[in-house]
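Heads up, the thing below is written out as structure tokens.
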Amino acid sequence: MANPGTLNRFRVRPAEPQDCAEILRLIKELAAYENMPDAVKITEADLLRDGFGSHPFFYCLIAEARKEDETEDTGIVGFAMYYFTYDPWIGKLLYLEDFYVMDDFRGWGIGTELLKKLSQIALENSCSCMHFLVVVWNKPSIEYYMRRGASDLSTEEGWHLFRFDKEQLITMADGQ
């Protein structure tokens, strides 16, 4: 539950093209938190093209907030990047790719509000569930999601996540 002093000090809204620089900043903060600061290869232009063109590959919610000592200015302090996909066993689902709230704004209820909006979006689009990944060492996030009723599929169903990098895609596409 949000602290009484934080009510009306933040809002969650769909991202707009002019938010791309701030979204990229938060993506880089999240990568640093996950001990992978050099892993982010995308640019602001990539975000603009891929999320706000005629065929978006992702959607994004952002959280804007202001600190106690600020009355007018708000800043982007959190985001949730997602897209829709299809599982042949269960149908439509919302895939939560990234979810992050800056340290100074945790405990305000921003994460809860982002998850509420994501849940509403999933239900409005007739999704059967929401999938997401959490790195194994991130115990606070795992506990956060488990408290809200998430299932750990790696433990319960024994799934492993795999990836083909671009080089392997090229090799396979060439028939080698």
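As shown in the structure tokens, the chain order sets the letters A, B, ...; within each chain, residues go from 1, and ligands are also counted from 1 in the order they appear.
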In region 32-147 of chain A, DSSP helix (DSSP H, G or I) residues written as JSON, numbers by chain: {"A": [32, 33, 44, 45, 46, 47, 48, 49, 50, 51, 52, 103, 104, 105, 110, 111, 112, 113, 114, 115, 116, 117, 118, 119, 120, 121, 122, 123, 124, 139, 140, 141, 142, 143, 144, 145, 146, 147]}
Which neighbours of region 140-156 of chain A fall inside 12 Å, counting only C-alpha atoms, when residues of the same chain fewer than 4 positions from it are skipped, and could you give them as a PyMOL selection string? chain A and resi 33-34+99-101+106-107+111-112+115-116+119+129-136+160-161
Calculated over only C-alpha atoms, which of the candidates A:Thr74, A:Glu64, A:Glu97, A:Asn8 has the smallest distance to Ile27 (chain A)?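 Smallest distance to Ile27 (chain A) is found for A:Glu97.
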Please list as a PDB file with C-alpha atoms, in the first residue's frame every residue within 9 Å of region 47-51 of chain A, counting only C-alpha atoms and excluding residues in the same chain fewer than 3 positions away.
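Just written: part.pdb:
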ATOM      1  CA  PRO A  17       7.533   8.960 -28.431  1.00  0.00           C
ATOM      2  CA  GLN A  18       9.116  11.874 -26.532  1.00  0.00           C
ATOM      3  CA  ASP A  19       9.725   9.526 -23.551  1.00  0.00           C
ATOM      4  CA  CYS A  20      12.296   7.379 -25.399  1.00  0.00           C
ATOM      5  CA  ALA A  21      15.372   9.085 -23.889  1.00  0.00           C
ATOM      6  CA  ILE A  23      13.013   4.951 -21.109  1.00  0.00           C
ATOM      7  CA  LEU A  24      16.540   4.241 -22.359  1.00  0.00           C
ATOM      8  CA  ILE A  42      19.774  -0.279 -28.366  1.00  0.00           C
ATOM      9  CA  THR A  43      19.530   3.456 -28.932  1.00  0.00           C
ATOM     10  CA  GLU A  44      16.842   6.052 -28.453  1.00  0.00           C
ATOM     11  CA  SER A  54       3.094   1.606 -37.580  1.00  0.00           C
ATOM     12  CA  HIS A  55       3.863  -1.920 -36.294  1.00  0.00           C
ATOM     13  CA  PRO A  56       5.114  -1.624 -32.692  1.00  0.00           C
ATOM     14  CA  PHE A  57       7.194  -4.500 -31.375  1.00  0.00           C
ATOM     15  CA  PHE A  58       6.623  -3.406 -27.789  1.00  0.00           C
ATOM     16  CA  TYR A  59       4.418  -1.248 -25.602  1.00  0.00           C
ATOM     17  CA  CYS A  60       5.452   0.625 -22.511  1.00  0.00           C
TER      18      CYS A  60
END
So which one's closest to Leu26 (chain A), A:Asp174, A:Asp103, A:Asp165, A:Glu157? Using only C-alpha atoms, please.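 Selected residue with least distance to Leu26 (chain A): A:Asp103.
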Using backbone DSSP assignments, extract all strand (DSSP E or B) residues from chain A; output them as a PyMOL selection string. chain A and resi 10-14+59-65+75-87+91-101+129-132
Between CA of Ile110 (chain A) and CA of Glu124 (chain A), what is the distance in Å, rounded to a tenth?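 If I compute the distance from CA of Ile110 (chain A) to CA of Glu124 (chain A), I get 21.0 Å.
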